[in-house]
>>> print(open('target.csv').read())   # CSV, C-alpha atoms and all ligand atoms
chain,number,residue,atom,x,y,z
A,1,MET,CA,-18.6,17.3,26.9
A,2,LYS,CA,-18.9,13.7,28.0
A,3,LYS,CA,-19.6,12.6,24.5
A,4,THR,CA,-16.6,14.6,23.0
A,5,LEU,CA,-14.4,13.0,25.6
A,6,SER,CA,-15.5,9.5,24.8
A,7,LEU,CA,-15.1,10.2,21.1
A,8,LEU,CA,-11.5,11.4,21.7
A,9,VAL,CA,-10.8,8.3,23.8
A,10,ILE,CA,-12.1,6.0,21.0
A,11,ALA,CA,-10.0,7.9,18.4
A,12,ALA,CA,-6.9,7.6,20.6
A,13,LEU,CA,-7.4,3.9,21.2
A,14,SER,CA,-8.1,3.1,17.5
A,15,ALA,CA,-4.9,5.0,16.6
A,16,ILE,CA,-2.9,3.0,19.2
A,17,GLN,CA,-4.3,-0.2,17.7
A,18,LEU,CA,-3.4,0.9,14.1
A,19,VAL,CA,0.2,1.8,14.9
A,20,CYS,CA,0.8,-1.1,17.3
A,21,ALA,CA,-0.9,-3.9,15.3
A,22,GLN,CA,1.4,-6.9,15.0
A,23,SER,CA,3.3,-7.7,11.8
A,24,ALA,CA,1.2,-9.8,9.4
A,25,THR,CA,1.9,-13.5,9.8
A,26,LYS,CA,-0.7,-15.0,7.6
A,27,ASP,CA,-2.8,-14.2,4.5
A,28,THR,CA,-5.8,-12.0,5.3
A,29,THR,CA,-8.4,-10.8,2.8
A,30,PHE,CA,-10.3,-7.5,2.8
A,31,ARG,CA,-12.4,-5.5,0.4
A,32,ALA,CA,-11.5,-1.9,-0.1
A,33,ASN,CA,-14.4,0.5,0.6
A,34,GLY,CA,-13.2,3.5,-1.5
A,35,ASN,CA,-10.1,5.5,-0.4
A,36,PRO,CA,-8.0,4.9,1.5
A,37,ILE,CA,-8.0,1.2,0.4
A,38,ILE,CA,-6.2,-0.1,3.5
A,39,ARG,CA,-7.7,0.7,6.8
A,40,HIS,CA,-6.3,-1.7,9.4
A,41,LYS,CA,-2.9,-0.1,9.4
A,42,TYR,CA,-1.2,3.0,8.1
A,43,THR,CA,0.6,2.4,4.8
A,44,ALA,CA,2.8,4.7,2.7
A,45,ASP,CA,4.9,5.0,-0.4
A,46,PRO,CA,3.0,2.5,-2.6
A,47,ALA,CA,4.8,0.7,-5.4
A,48,ALA,CA,2.8,-1.7,-7.6
A,49,LEU,CA,3.9,-4.6,-9.8
A,50,VAL,CA,1.8,-6.3,-12.4
A,51,TYR,CA,2.8,-9.9,-12.7
A,52,LYS,CA,1.0,-12.9,-14.2
A,53,GLY,CA,-2.5,-11.3,-14.1
A,54,LYS,CA,-2.2,-10.0,-10.6
A,55,VAL,CA,-1.2,-6.7,-9.0
A,56,TYR,CA,1.2,-6.8,-6.1
A,57,LEU,CA,1.3,-3.7,-3.9
A,58,TYR,CA,4.3,-2.9,-1.7
A,59,ALA,CA,4.2,-0.2,0.9
A,60,GLY,CA,6.0,0.9,4.0
A,61,ARG,CA,4.1,0.9,7.3
A,62,ASP,CA,3.7,4.2,9.2
A,63,GLN,CA,3.9,3.3,13.0
A,64,CYS,CA,4.4,6.7,14.6
A,65,PRO,CA,2.0,7.0,17.6
A,66,ALA,CA,-0.2,10.2,17.6
A,67,PRO,CA,0.4,13.0,18.5
A,68,GLN,CA,4.1,12.5,17.6
A,69,ASN,CA,5.1,13.6,14.2
A,70,ARG,CA,8.2,11.8,12.8
A,71,TYR,CA,8.8,8.8,10.6
A,72,VAL,CA,8.5,5.5,12.5
A,73,MET,CA,8.7,2.8,9.8
A,74,ASN,CA,9.9,-0.6,10.9
A,75,GLU,CA,8.6,-2.9,8.2
A,76,TRP,CA,7.3,-3.1,4.7
A,77,THR,CA,4.0,-4.7,3.7
A,78,VAL,CA,2.7,-6.6,0.6
A,79,PHE,CA,-0.8,-6.9,-0.7
A,80,SER,CA,-2.2,-8.6,-3.9
A,81,THR,CA,-5.4,-8.4,-5.9
A,82,ASP,CA,-6.9,-9.5,-9.1
A,83,ASP,CA,-9.5,-6.7,-9.4
A,84,MET,CA,-8.0,-3.7,-7.5
A,85,VAL,CA,-10.8,-3.9,-4.9
A,86,ASN,CA,-10.5,-7.3,-3.2
A,87,TRP,CA,-7.1,-7.5,-1.6
A,88,THR,CA,-5.0,-10.1,0.3
A,89,GLU,CA,-2.4,-8.9,2.8
A,90,HIS,CA,0.5,-11.4,2.9
A,91,PRO,CA,2.9,-12.0,5.8
A,92,THR,CA,5.4,-9.2,6.4
A,93,PRO,CA,7.9,-9.7,3.5
A,94,LEU,CA,10.8,-7.5,4.6
A,95,LYS,CA,12.2,-5.4,7.4
A,96,PRO,CA,15.2,-3.0,7.6
A,97,THR,CA,16.6,-5.5,10.1
A,98,ASP,CA,16.9,-8.0,7.2
A,99,PHE,CA,19.8,-5.8,6.0
A,100,SER,CA,22.7,-6.4,8.5
A,101,TRP,CA,24.3,-3.1,7.4
A,102,ALA,CA,21.1,-1.0,7.9
A,103,GLN,CA,20.1,1.0,10.9
A,104,GLY,CA,16.4,1.1,10.2
A,105,ASP,CA,13.7,3.1,8.4
A,106,ALA,CA,11.6,1.2,5.9
A,107,TRP,CA,11.4,4.0,3.4
A,108,ALA,CA,10.1,3.8,-0.2
A,109,GLY,CA,11.1,1.2,-2.8
A,110,GLN,CA,10.0,-0.8,-5.8
A,111,VAL,CA,9.9,-4.5,-6.8
A,112,ILE,CA,10.7,-5.8,-10.3
A,113,GLU,CA,10.8,-9.3,-11.8
A,114,ARG,CA,13.7,-10.6,-13.8
A,115,ASN,CA,14.1,-14.3,-14.8
A,116,GLY,CA,11.6,-15.5,-12.2
A,117,LYS,CA,13.3,-13.6,-9.3
A,118,PHE,CA,11.8,-10.6,-7.6
A,119,TYR,CA,14.2,-7.7,-6.7
A,120,TRP,CA,13.1,-5.1,-4.2
A,121,TYR,CA,15.1,-1.9,-4.1
A,122,VAL,CA,14.5,0.0,-0.9
A,123,ALA,CA,15.8,3.1,1.0
A,124,VAL,CA,17.0,2.7,4.6
A,125,SER,CA,19.4,4.4,7.0
A,126,HIS,CA,22.9,3.0,6.8
A,127,LYS,CA,24.6,1.9,10.1
A,128,ASP,CA,28.2,2.9,9.1
A,129,ILE,CA,28.0,5.3,6.2
A,130,HIS,CA,26.2,8.5,7.3
A,131,GLY,CA,22.9,9.0,5.6
A,132,LYS,CA,20.3,7.1,3.7
A,133,ALA,CA,21.3,4.2,1.4
A,134,ILE,CA,19.6,1.9,-1.1
A,135,GLY,CA,19.5,-1.9,-0.5
A,136,VAL,CA,18.3,-4.7,-2.8
A,137,ALA,CA,16.4,-7.7,-1.5
A,138,VAL,CA,15.5,-10.8,-3.5
A,139,SER,CA,12.8,-13.5,-3.4
A,140,ASP,CA,11.5,-16.3,-5.6
A,141,SER,CA,8.0,-15.1,-5.0
A,142,PRO,CA,6.4,-11.6,-5.4
A,143,THR,CA,5.1,-11.9,-1.9
A,144,GLY,CA,8.4,-12.9,-0.3
A,145,PRO,CA,9.9,-13.5,2.1
A,146,PHE,CA,12.8,-11.3,0.7
A,147,LYS,CA,16.4,-11.5,1.8
A,148,ASP,CA,19.3,-9.1,1.3
A,149,ALA,CA,20.6,-9.9,-2.2
A,150,ARG,CA,24.2,-8.4,-1.7
A,151,GLY,CA,25.1,-8.1,1.9
A,152,SER,CA,25.8,-4.4,1.4
A,153,ALA,CA,24.1,-1.3,0.1
A,154,ILE,CA,24.0,-0.8,-3.7
A,155,ILE,CA,24.0,3.0,-3.3
A,156,THR,CA,25.4,5.0,-0.4
A,157,ASN,CA,25.4,8.6,0.4
A,158,ASP,CA,29.2,9.0,-0.2
A,159,MET,CA,28.6,8.1,-3.9
A,160,THR,CA,26.5,11.2,-4.5
A,161,THR,CA,28.2,13.9,-2.4
A,162,LYS,CA,29.5,15.6,-5.6
A,163,TYR,CA,25.9,16.4,-6.6
A,164,THR,CA,24.3,17.2,-3.2
A,165,LYS,CA,25.6,17.6,0.3
A,166,ILE,CA,22.4,16.4,2.1
A,167,SER,CA,22.4,13.0,3.7
A,168,TRP,CA,18.9,11.9,2.6
A,169,ASP,CA,19.3,12.3,-1.1
A,170,ASP,CA,19.8,8.6,-1.8
A,171,ILE,CA,16.1,7.5,-1.3
A,172,ASP,CA,13.1,6.5,-3.3
A,173,PRO,CA,14.4,4.0,-5.9
A,174,THR,CA,12.4,3.2,-9.0
A,175,VAL,CA,13.6,0.5,-11.4
A,176,TYR,CA,12.9,-0.2,-15.1
A,177,ILE,CA,14.1,-2.8,-17.6
A,178,ASP,CA,14.2,-1.3,-21.1
A,179,LYS,CA,13.3,-3.4,-24.2
A,180,ASP,CA,17.0,-4.1,-24.9
A,181,GLY,CA,17.2,-5.8,-21.5
A,182,GLN,CA,19.2,-3.0,-19.9
A,183,ALA,CA,18.0,-2.3,-16.4
A,184,TYR,CA,18.1,1.2,-14.8
A,185,LEU,CA,17.9,2.4,-11.2
A,186,ILE,CA,16.5,5.9,-10.7
A,187,TRP,CA,16.3,7.6,-7.3
A,188,GLY,CA,17.0,10.7,-5.3
A,189,ASN,CA,15.8,13.6,-3.2
A,190,THR,CA,16.5,17.1,-4.5
A,191,GLN,CA,18.5,15.6,-7.3
A,192,CYS,CA,17.3,12.8,-9.5
A,193,TYR,CA,20.0,10.2,-10.3
A,194,CYS,CA,20.1,7.2,-12.7
A,195,ILE,CA,22.5,4.3,-13.0
A,196,LYS,CA,22.6,1.2,-15.1
A,197,LEU,CA,22.2,-2.2,-13.4
A,198,LYS,CA,24.1,-5.3,-14.5
A,199,GLU,CA,22.1,-8.3,-15.7
A,200,ASN,CA,22.3,-9.8,-12.2
A,201,MET,CA,20.3,-6.8,-10.9
A,202,ILE,CA,22.4,-6.4,-7.8
A,203,ASP,CA,25.5,-4.6,-9.2
A,204,THR,CA,25.7,-1.2,-10.9
A,205,GLU,CA,27.5,-0.5,-14.1
A,206,GLY,CA,29.1,2.7,-15.2
A,207,GLU,CA,28.7,6.2,-13.7
A,208,ILE,CA,25.8,7.8,-11.9
A,209,MET,CA,23.9,10.0,-14.5
A,210,PRO,CA,22.1,13.0,-13.0
A,211,ILE,CA,18.6,13.7,-14.6
A,212,ASP,CA,17.5,17.3,-14.7
A,213,LEU,CA,13.9,17.9,-13.7
A,214,PRO,CA,12.4,21.2,-12.7
A,215,ARG,CA,11.4,21.7,-9.0
A,216,TYR,CA,12.3,18.1,-8.3
A,217,THR,CA,11.8,16.9,-4.7
A,218,GLU,CA,11.7,13.1,-4.6
A,219,ALA,CA,9.7,10.0,-5.4
A,220,PRO,CA,10.6,9.3,-9.1
A,221,TRP,CA,8.5,6.7,-10.8
A,222,ILE,CA,9.2,5.5,-14.4
A,223,HIS,CA,6.6,4.0,-16.6
A,224,LYS,CA,6.4,3.6,-20.4
A,225,ARG,CA,3.4,3.8,-22.7
A,226,GLY,CA,4.0,3.4,-26.4
A,227,ASP,CA,7.4,5.0,-27.2
A,228,TRP,CA,7.3,7.4,-24.3
A,229,PHE,CA,9.0,7.2,-20.9
A,230,TYR,CA,7.1,9.1,-18.3
A,231,LEU,CA,9.1,10.2,-15.2
A,232,SER,CA,6.6,11.3,-12.6
A,233,TYR,CA,8.0,12.8,-9.3
A,234,ALA,CA,7.1,14.8,-6.2
A,235,THR,CA,7.6,18.5,-6.7
A,236,GLU,CA,8.1,21.2,-4.0
A,237,PHE,CA,7.0,20.7,-0.4
A,238,PRO,CA,4.3,20.0,0.6
A,239,GLU,CA,4.3,17.8,-2.5
A,240,LYS,CA,2.4,17.7,-5.7
A,241,ILE,CA,3.1,15.1,-8.3
A,242,CYS,CA,4.2,16.3,-11.7
A,243,TYR,CA,5.8,14.6,-14.7
A,244,ALA,CA,8.1,14.8,-17.6
A,245,MET,CA,8.4,12.8,-20.8
A,246,SER,CA,11.3,11.5,-23.0
A,247,LYS,CA,11.9,8.9,-25.7
A,248,LYS,CA,15.0,7.8,-23.8
A,249,ILE,CA,14.9,6.6,-20.2
A,250,THR,CA,18.1,8.6,-19.3
A,251,GLY,CA,16.5,11.8,-20.8
A,252,PRO,CA,16.6,14.6,-21.5
A,253,TYR,CA,13.1,14.9,-20.2
A,254,GLU,CA,10.5,17.6,-21.1
A,255,TYR,CA,8.4,18.8,-18.2
A,256,LYS,CA,4.7,18.4,-18.8
A,257,GLY,CA,3.0,19.7,-15.7
A,258,ILE,CA,1.2,18.7,-12.6
A,259,LEU,CA,-0.3,15.3,-12.4
A,260,ASN,CA,-1.7,15.2,-8.9
A,261,GLU,CA,-2.4,18.1,-6.5
A,262,LEU,CA,-1.6,18.0,-2.7
A,263,ALA,CA,-2.8,14.8,-1.2
A,264,GLY,CA,-5.2,15.4,1.7
A,265,ASN,CA,-3.6,16.0,5.0
A,266,SER,CA,-0.1,14.7,4.0
A,267,ASN,CA,2.9,16.7,3.1
A,268,THR,CA,4.1,13.9,0.9
A,269,ASN,CA,2.2,12.2,-2.0
A,270,HIS,CA,4.4,9.4,-3.5
A,271,GLN,CA,2.8,7.8,-6.6
A,272,SER,CA,3.0,4.5,-8.5
A,273,ILE,CA,1.5,4.2,-12.0
A,274,ILE,CA,0.4,0.9,-13.6
A,275,GLU,CA,-1.7,-0.5,-16.4
A,276,TYR,CA,-3.9,-3.4,-15.4
A,277,LYS,CA,-6.7,-5.1,-17.4
A,278,GLY,CA,-6.9,-2.2,-19.9
A,279,LYS,CA,-7.1,0.6,-17.3
A,280,TRP,CA,-4.4,2.9,-15.9
A,281,TYR,CA,-4.1,3.4,-12.2
A,282,PHE,CA,-2.6,6.1,-10.1
A,283,ILE,CA,-1.7,4.8,-6.6
A,284,TYR,CA,-0.6,7.3,-4.0
A,285,HIS,CA,-1.0,8.1,-0.3
A,286,ASN,CA,-2.8,10.7,1.7
A,287,GLY,CA,-3.2,11.5,5.4
A,288,GLY,CA,-6.9,11.1,5.4
A,289,MET,CA,-7.8,7.8,7.0
A,290,ASP,CA,-9.0,9.1,10.4
A,291,VAL,CA,-8.5,11.9,12.9
A,292,ASN,CA,-5.0,10.7,13.6
A,293,GLY,CA,-4.1,10.4,9.9
A,294,GLY,CA,-1.5,12.9,8.7
A,295,SER,CA,2.0,13.2,7.2
A,296,PHE,CA,3.4,10.4,9.5
A,297,ARG,CA,0.3,8.2,9.5
A,298,ARG,CA,-0.4,7.9,5.8
A,299,SER,CA,-2.8,5.6,3.8
A,300,VAL,CA,-2.6,4.2,0.3
A,301,CYS,CA,-5.3,5.3,-2.2
A,302,VAL,CA,-6.0,4.3,-5.8
A,303,ASP,CA,-7.7,6.3,-8.5
A,304,TYR,CA,-7.8,6.1,-12.3
A,305,LEU,CA,-5.3,7.8,-14.6
A,306,TYR,CA,-6.2,9.0,-18.1
A,307,TYR,CA,-4.2,10.1,-21.1
A,308,ASN,CA,-4.8,12.9,-23.7
A,309,PRO,CA,-4.8,12.0,-27.4
A,310,ASP,CA,-1.2,13.5,-27.7
A,311,GLY,CA,0.1,11.1,-25.0
A,312,THR,CA,0.2,13.6,-22.2
A,313,MET,CA,-1.5,12.6,-18.9
A,314,LYS,CA,-4.7,14.2,-17.6
A,315,ARG,CA,-4.5,15.6,-14.0
A,316,VAL,CA,-5.6,12.9,-11.6
A,317,GLN,CA,-8.9,13.3,-9.8
A,318,MET,CA,-8.5,12.1,-6.3
A,319,THR,CA,-11.7,10.5,-5.1
A,320,THR,CA,-13.3,9.1,-1.9
A,321,GLU,CA,-15.0,6.4,-3.9
A,322,GLY,CA,-11.8,5.0,-5.4
A,323,VAL,CA,-12.0,2.5,-8.3
A,324,LYS,CA,-14.4,-0.2,-9.3
A,325,PRO,CA,-13.6,-3.9,-9.6
A,326,ALA,CA,-11.4,-4.5,-12.7
A,327,LYS,CA,-12.8,-7.1,-15.1
B,401,LIG,O1,8.2,7.5,3.7
B,401,LIG,C1,9.4,8.1,3.9
B,401,LIG,C2,9.6,9.2,2.8
B,401,LIG,O2,8.4,10.0,2.7
B,401,LIG,C3,9.7,8.6,1.4
B,401,LIG,O3,10.9,8.0,1.1
B,401,LIG,C4,9.3,9.8,0.6
B,401,LIG,O4,9.0,9.6,-0.8
B,401,LIG,C5,8.2,10.4,1.3
B,401,LIG,O5,7.0,9.7,0.9
>>> encode(input="target.csv", output="structure tokens")
Amino acid sequence: MKKTLSLLVIAALSAIQLVCAQSATKDTTFRANGNPIIRHKYTADPAALVYKGKVYLYAGRDQCPAPQNRYVMNEWTVFSTDDMVNWTEHPTPLKPTDFSWAQGDAWAGQVIERNGKFYWYVAVSHKDIHGKAIGVAVSDSPTGPFKDARGSAIITNDMTTKYTKISWDDIDPTVYIDKDGQAYLIWGNTQCYCIKLKENMIDTEGEIMPIDLPRYTEAPWIHKRGDWFYLSYATEFPEKICYAMSKKITGPYEYKGILNELAGNSNTNHQSIIEYKGKWYFIYHNGGMDVNGGSFRRSVCVDYLYYNPDGTMKRVQMTTEGVKPAK
């Protein structure tokens, strides 16, 4: 009894430490010991960028104290590696408070490089326009600091009311620059949307184009291999990740099946897919870090991703061991 009580106290104290830890102010290195890869704080919604031989991993930070269950996310985090196992955490690169028009909520996003600048598209809650909105921040370095690139949201809820009435559909941006130089922003909850970005990466061009995907929930991620665009996304709820393929980024997409099953102890899953040093990686989150882990205290994990000879993707095998150092 005494032992159980002290174990509970230790678990509670370590959870308080993990959610209350200070924002990162200097570079700190650590070695991942299997999955989850980050264990000194809860991290969610991973988005990876391969740039000049390194991987940069961006994630929101889950800060909800146990046993409460709601999203408390007040900052984003950035990590880098050159082997997928030895990581450096860099100073906190961006917070919702860096957008004067935002009310809070460091939800999912993605960073892309263009002409030596790094553009980070993120979802936050808007102060004045009811609902979630997408902002874009810019930096000269992949590790930041980032600052608001426009002074206003690039996408707001009132732009999509003709497609869905919910206030949280404008979330989870993914971004891609096609080989002709045209950039696209893809996002959405319950409905997937796409819009062209101007060369400056901070203004949109043309109309919003809905993308039809079966049983679409959220978390779109675009990647390309050969001639194929792969649009992976979270399906149903609790979420699995599935995917569809097309020769055109705007679709139509053909549904190909489930890519990742329910992620342990988390009702969301949220993937990012990259190729690095000749291997493909599936980066996602689960709620499995410790006894307080769960849907609102999530942790980033990394496993390998493999393709079939016809270009379709094999179902991901989530592992405890994670990946080996990339050479
Ligand atoms: O982290 C907040 C939300 O949970 C994200 O925007 C969704 O993709 C889900 O992971």
>>> residues_around(input="target.csv", residues="Val50 in chain A", least_positions_apart="5", cutoff="8 Å", atoms="all atoms listed in the file", output="short mmCIF file (atom, residue, chain, number, x, y, z; two decimals) with C-alpha atoms, keeping the file's coordinate frame")
data_model
loop_
_atom_site.label_atom_id
_atom_site.label_comp_id
_atom_site.auth_asym_id
_atom_site.auth_seq_id
_atom_site.Cartn_x
_atom_site.Cartn_y
_atom_site.Cartn_z
CA VAL A 55 -1.20 -6.70 -9.00
CA TYR A 56 1.20 -6.80 -6.10
CA ILE A 274 0.40 0.90 -13.60
CA GLU A 275 -1.70 -0.50 -16.40
CA TYR A 276 -3.90 -3.40 -15.40
#
>>> residues_near_ligand(input="target.csv", ligand="ligand LIG 401 (chain B)", cutoff="6 Å", atoms="all atoms listed in the file", output="ChimeraX atom specification")
/A:45,107-108,171-172,218-219,268,270
>>> atom_distance(input="target.csv", atom1="CA of Ile241 in chain A", atom2="CA of Ile177 in chain A")
23.0 Å
>>> residues_around(input="target.csv", residues="Tyr51 in chain A", least_positions_apart="2", cutoff="12 Å", atoms="all atoms listed in the file", output="list of chain:residue names")
A:Ala48, A:Leu49, A:Gly53, A:Lys54, A:Val55, A:Tyr56, A:Leu57, A:Ser80, A:Thr81, A:Asp82, A:Val111, A:Ile112, A:Glu113, A:Arg114, A:Gly116, A:Lys117, A:Phe118, A:Ser141, A:Pro142, A:Thr143, A:Ile274, A:Glu275, A:Tyr276, A:Lys277
>>> closest_residue(input="target.csv", among="A:Pro214, A:Pro93, A:Gly206, A:Gly293", to="Thr190 in chain A", atoms="only C-alpha atoms")
A:Pro214
>>> atom_distance(input="target.csv", atom1="CA of Tyr281 in chain A", atom2="CA of Val316 in chain A")
9.6 Å
>>> residues_around(input="target.csv", residues="range 58-65 of chain A", least_positions_apart="6", cutoff="9 Å", atoms="all atoms listed in the file", output="VMD selection string")
chain A and resid 15 to 16 18 to 21 41 to 49 71 to 80 106 to 111 292 296 to 300
>>> write_last_selection(input="target.csv", atoms="C-alpha atoms", output="PDB file, in the coordinates of the input")
ATOM      1  CA  ALA A  15      -4.900   5.000  16.600  1.00  0.00           C
ATOM      2  CA  ILE A  16      -2.900   3.000  19.200  1.00  0.00           C
ATOM      3  CA  LEU A  18      -3.400   0.900  14.100  1.00  0.00           C
ATOM      4  CA  VAL A  19       0.200   1.800  14.900  1.00  0.00           C
ATOM      5  CA  CYS A  20       0.800  -1.100  17.300  1.00  0.00           C
ATOM      6  CA  ALA A  21      -0.900  -3.900  15.300  1.00  0.00           C
ATOM      7  CA  LYS A  41      -2.900  -0.100   9.400  1.00  0.00           C
ATOM      8  CA  TYR A  42      -1.200   3.000   8.100  1.00  0.00           C
ATOM      9  CA  THR A  43       0.600   2.400   4.800  1.00  0.00           C
ATOM     10  CA  ALA A  44       2.800   4.700   2.700  1.00  0.00           C
ATOM     11  CA  ASP A  45       4.900   5.000  -0.400  1.00  0.00           C
ATOM     12  CA  PRO A  46       3.000   2.500  -2.600  1.00  0.00           C
ATOM     13  CA  ALA A  47       4.800   0.700  -5.400  1.00  0.00           C
ATOM     14  CA  ALA A  48       2.800  -1.700  -7.600  1.00  0.00           C
ATOM     15  CA  LEU A  49       3.900  -4.600  -9.800  1.00  0.00           C
ATOM     16  CA  TYR A  71       8.800   8.800  10.600  1.00  0.00           C
ATOM     17  CA  VAL A  72       8.500   5.500  12.500  1.00  0.00           C
ATOM     18  CA  MET A  73       8.700   2.800   9.800  1.00  0.00           C
ATOM     19  CA  ASN A  74       9.900  -0.600  10.900  1.00  0.00           C
ATOM     20  CA  GLU A  75       8.600  -2.900   8.200  1.00  0.00           C
ATOM     21  CA  TRP A  76       7.300  -3.100   4.700  1.00  0.00           C
ATOM     22  CA  THR A  77       4.000  -4.700   3.700  1.00  0.00           C
ATOM     23  CA  VAL A  78       2.700  -6.600   0.600  1.00  0.00           C
ATOM     24  CA  PHE A  79      -0.800  -6.900  -0.700  1.00  0.00           C
ATOM     25  CA  SER A  80      -2.200  -8.600  -3.900  1.00  0.00           C
ATOM     26  CA  ALA A 106      11.600   1.200   5.900  1.00  0.00           C
ATOM     27  CA  TRP A 107      11.400   4.000   3.400  1.00  0.00           C
ATOM     28  CA  ALA A 108      10.100   3.800  -0.200  1.00  0.00           C
ATOM     29  CA  GLY A 109      11.100   1.200  -2.800  1.00  0.00           C
ATOM     30  CA  GLN A 110      10.000  -0.800  -5.800  1.00  0.00           C
ATOM     31  CA  VAL A 111       9.900  -4.500  -6.800  1.00  0.00           C
ATOM     32  CA  ASN A 292      -5.000  10.700  13.600  1.00  0.00           C
ATOM     33  CA  PHE A 296       3.400  10.400   9.500  1.00  0.00           C
ATOM     34  CA  ARG A 297       0.300   8.200   9.500  1.00  0.00           C
ATOM     35  CA  ARG A 298      -0.400   7.900   5.800  1.00  0.00           C
ATOM     36  CA  SER A 299      -2.800   5.600   3.800  1.00  0.00           C
ATOM     37  CA  VAL A 300      -2.600   4.200   0.300  1.00  0.00           C
TER      38      VAL A 300
END
>>> residues_near_point(input="target.csv", point="(-12.7, -7.9, -10.8)", cutoff="9 Å", atoms="all atoms listed in the file", output="list in words")
Thr81, Asp82, Asp83, Met84, Val85, Asn86, Lys324, Pro325, Ala326 and Lys327 of chain A
>>> closest_residue(input="target.csv", among="A:Ala133, A:Ala123, A:Leu94, A:Leu262", to="Lys147 in chain A", atoms="only C-alpha atoms")
A:Leu94
>>> closest_residue(input="target.csv", among="A:Ser266, A:Thr92, A:Gln271, A:Gln68", to="Cys242 in chain A", atoms="only C-alpha atoms")
A:Gln271
>>> residues_around(input="target.csv", residues="Ala244 in chain A", least_positions_apart="5", cutoff="8 Å", atoms="all atoms listed in the file", output="VMD selection string")
chain A and resid 213 230 to 232 253 to 257
>>> residues_around(input="target.csv", residues="range 149-151 of chain A", least_positions_apart="5", cutoff="6 Å", atoms="all atoms listed in the file", output="JSON, numbers by chain")
{"A": [136, 137, 138]}
>>> write_last_selection(input="target.csv", atoms="C-alpha atoms", output="tab-separated table (two decimals), in the coordinates of the input")
chain	number	residue	atom	x	y	z
A	136	VAL	CA	18.30	-4.70	-2.80
A	137	ALA	CA	16.40	-7.70	-1.50
A	138	VAL	CA	15.50	-10.80	-3.50
>>> closest_residue(input="target.csv", among="A:Glu89, A:Asp98, A:Asp303, A:Glu207", to="Met159 in chain A", atoms="all atoms listed in the file")
A:Glu207
>>> closest_residue(input="target.csv", among="A:Glu205, A:Ile154, A:Ala234, A:Asn35", to="Gln191 in chain A", atoms="all atoms listed in the file")
A:Ala234
>>> atom_distance(input="target.csv", atom1="CA of Lys132 in chain A", atom2="CA of Ile258 in chain A")
27.7 Å
>>> residues_near_point(input="target.csv", point="(26.5, 6.3, 9.4)", cutoff="10 Å", atoms="only C-alpha atoms", output="VMD selection string")
chain A and resid 101 to 103 125 to 133 156 to 157 167
>>> closest_residue(input="target.csv", among="A:Asp169, A:Glu261, A:Asp227, A:Glu199", to="Lys240 in chain A", atoms="all atoms listed in the file")
A:Glu261
>>> decode(input="target.csv", residues="range 118-130 of chain A", atoms="N, CA and C atoms", output="PDB file, in the first residue's frame")
ATOM      1  N   PHE A 118      12.576  30.264 -44.208  1.00  0.00           N
ATOM      2  CA  PHE A 118      11.802  29.137 -43.687  1.00  0.00           C
ATOM      3  C   PHE A 118      10.423  29.644 -43.289  1.00  0.00           C
ATOM      4  N   TYR A 119       9.396  29.026 -43.848  1.00  0.00           N
ATOM      5  CA  TYR A 119       8.011  29.454 -43.621  1.00  0.00           C
ATOM      6  C   TYR A 119       7.311  28.370 -42.812  1.00  0.00           C
ATOM      7  N   TRP A 120       6.722  28.784 -41.709  1.00  0.00           N
ATOM      8  CA  TRP A 120       6.063  27.835 -40.801  1.00  0.00           C
ATOM      9  C   TRP A 120       4.573  28.160 -40.777  1.00  0.00           C
ATOM     10  N   TYR A 121       3.765  27.248 -41.292  1.00  0.00           N
ATOM     11  CA  TYR A 121       2.306  27.401 -41.311  1.00  0.00           C
ATOM     12  C   TYR A 121       1.769  26.673 -40.085  1.00  0.00           C
ATOM     13  N   VAL A 122       0.999  27.362 -39.274  1.00  0.00           N
ATOM     14  CA  VAL A 122       0.509  26.766 -38.025  1.00  0.00           C
ATOM     15  C   VAL A 122      -0.968  27.085 -37.829  1.00  0.00           C
ATOM     16  N   ALA A 123      -1.645  26.218 -37.074  1.00  0.00           N
ATOM     17  CA  ALA A 123      -3.038  26.498 -36.705  1.00  0.00           C
ATOM     18  C   ALA A 123      -3.078  27.048 -35.281  1.00  0.00           C
ATOM     19  N   VAL A 124      -3.886  28.075 -35.089  1.00  0.00           N
ATOM     20  CA  VAL A 124      -4.086  28.691 -33.763  1.00  0.00           C
ATOM     21  C   VAL A 124      -5.562  29.092 -33.661  1.00  0.00           C
ATOM     22  N   SER A 125      -5.969  29.556 -32.488  1.00  0.00           N
ATOM     23  CA  SER A 125      -7.315  30.140 -32.371  1.00  0.00           C
ATOM     24  C   SER A 125      -7.224  31.623 -32.671  1.00  0.00           C
ATOM     25  N   HIS A 126      -8.207  32.122 -33.410  1.00  0.00           N
ATOM     26  CA  HIS A 126      -8.194  33.546 -33.779  1.00  0.00           C
ATOM     27  C   HIS A 126      -8.878  34.359 -32.681  1.00  0.00           C
ATOM     28  N   LYS A 127      -8.333  35.567 -32.431  1.00  0.00           N
ATOM     29  CA  LYS A 127      -8.903  36.446 -31.386  1.00  0.00           C
ATOM     30  C   LYS A 127     -10.254  37.017 -31.808  1.00  0.00           C
ATOM     31  N   ASP A 128     -10.361  37.445 -33.053  1.00  0.00           N
ATOM     32  CA  ASP A 128     -11.539  38.212 -33.479  1.00  0.00           C
ATOM     33  C   ASP A 128     -12.470  37.467 -34.420  1.00  0.00           C
ATOM     34  N   ILE A 129     -11.927  36.530 -35.185  1.00  0.00           N
ATOM     35  CA  ILE A 129     -12.781  35.767 -36.108  1.00  0.00           C
ATOM     36  C   ILE A 129     -12.993  34.399 -35.477  1.00  0.00           C
ATOM     37  N   HIS A 130     -14.231  34.099 -35.148  1.00  0.00           N
ATOM     38  CA  HIS A 130     -14.527  32.878 -34.404  1.00  0.00           C
ATOM     39  C   HIS A 130     -13.889  31.650 -35.075  1.00  0.00           C
TER      40      HIS A 130
END
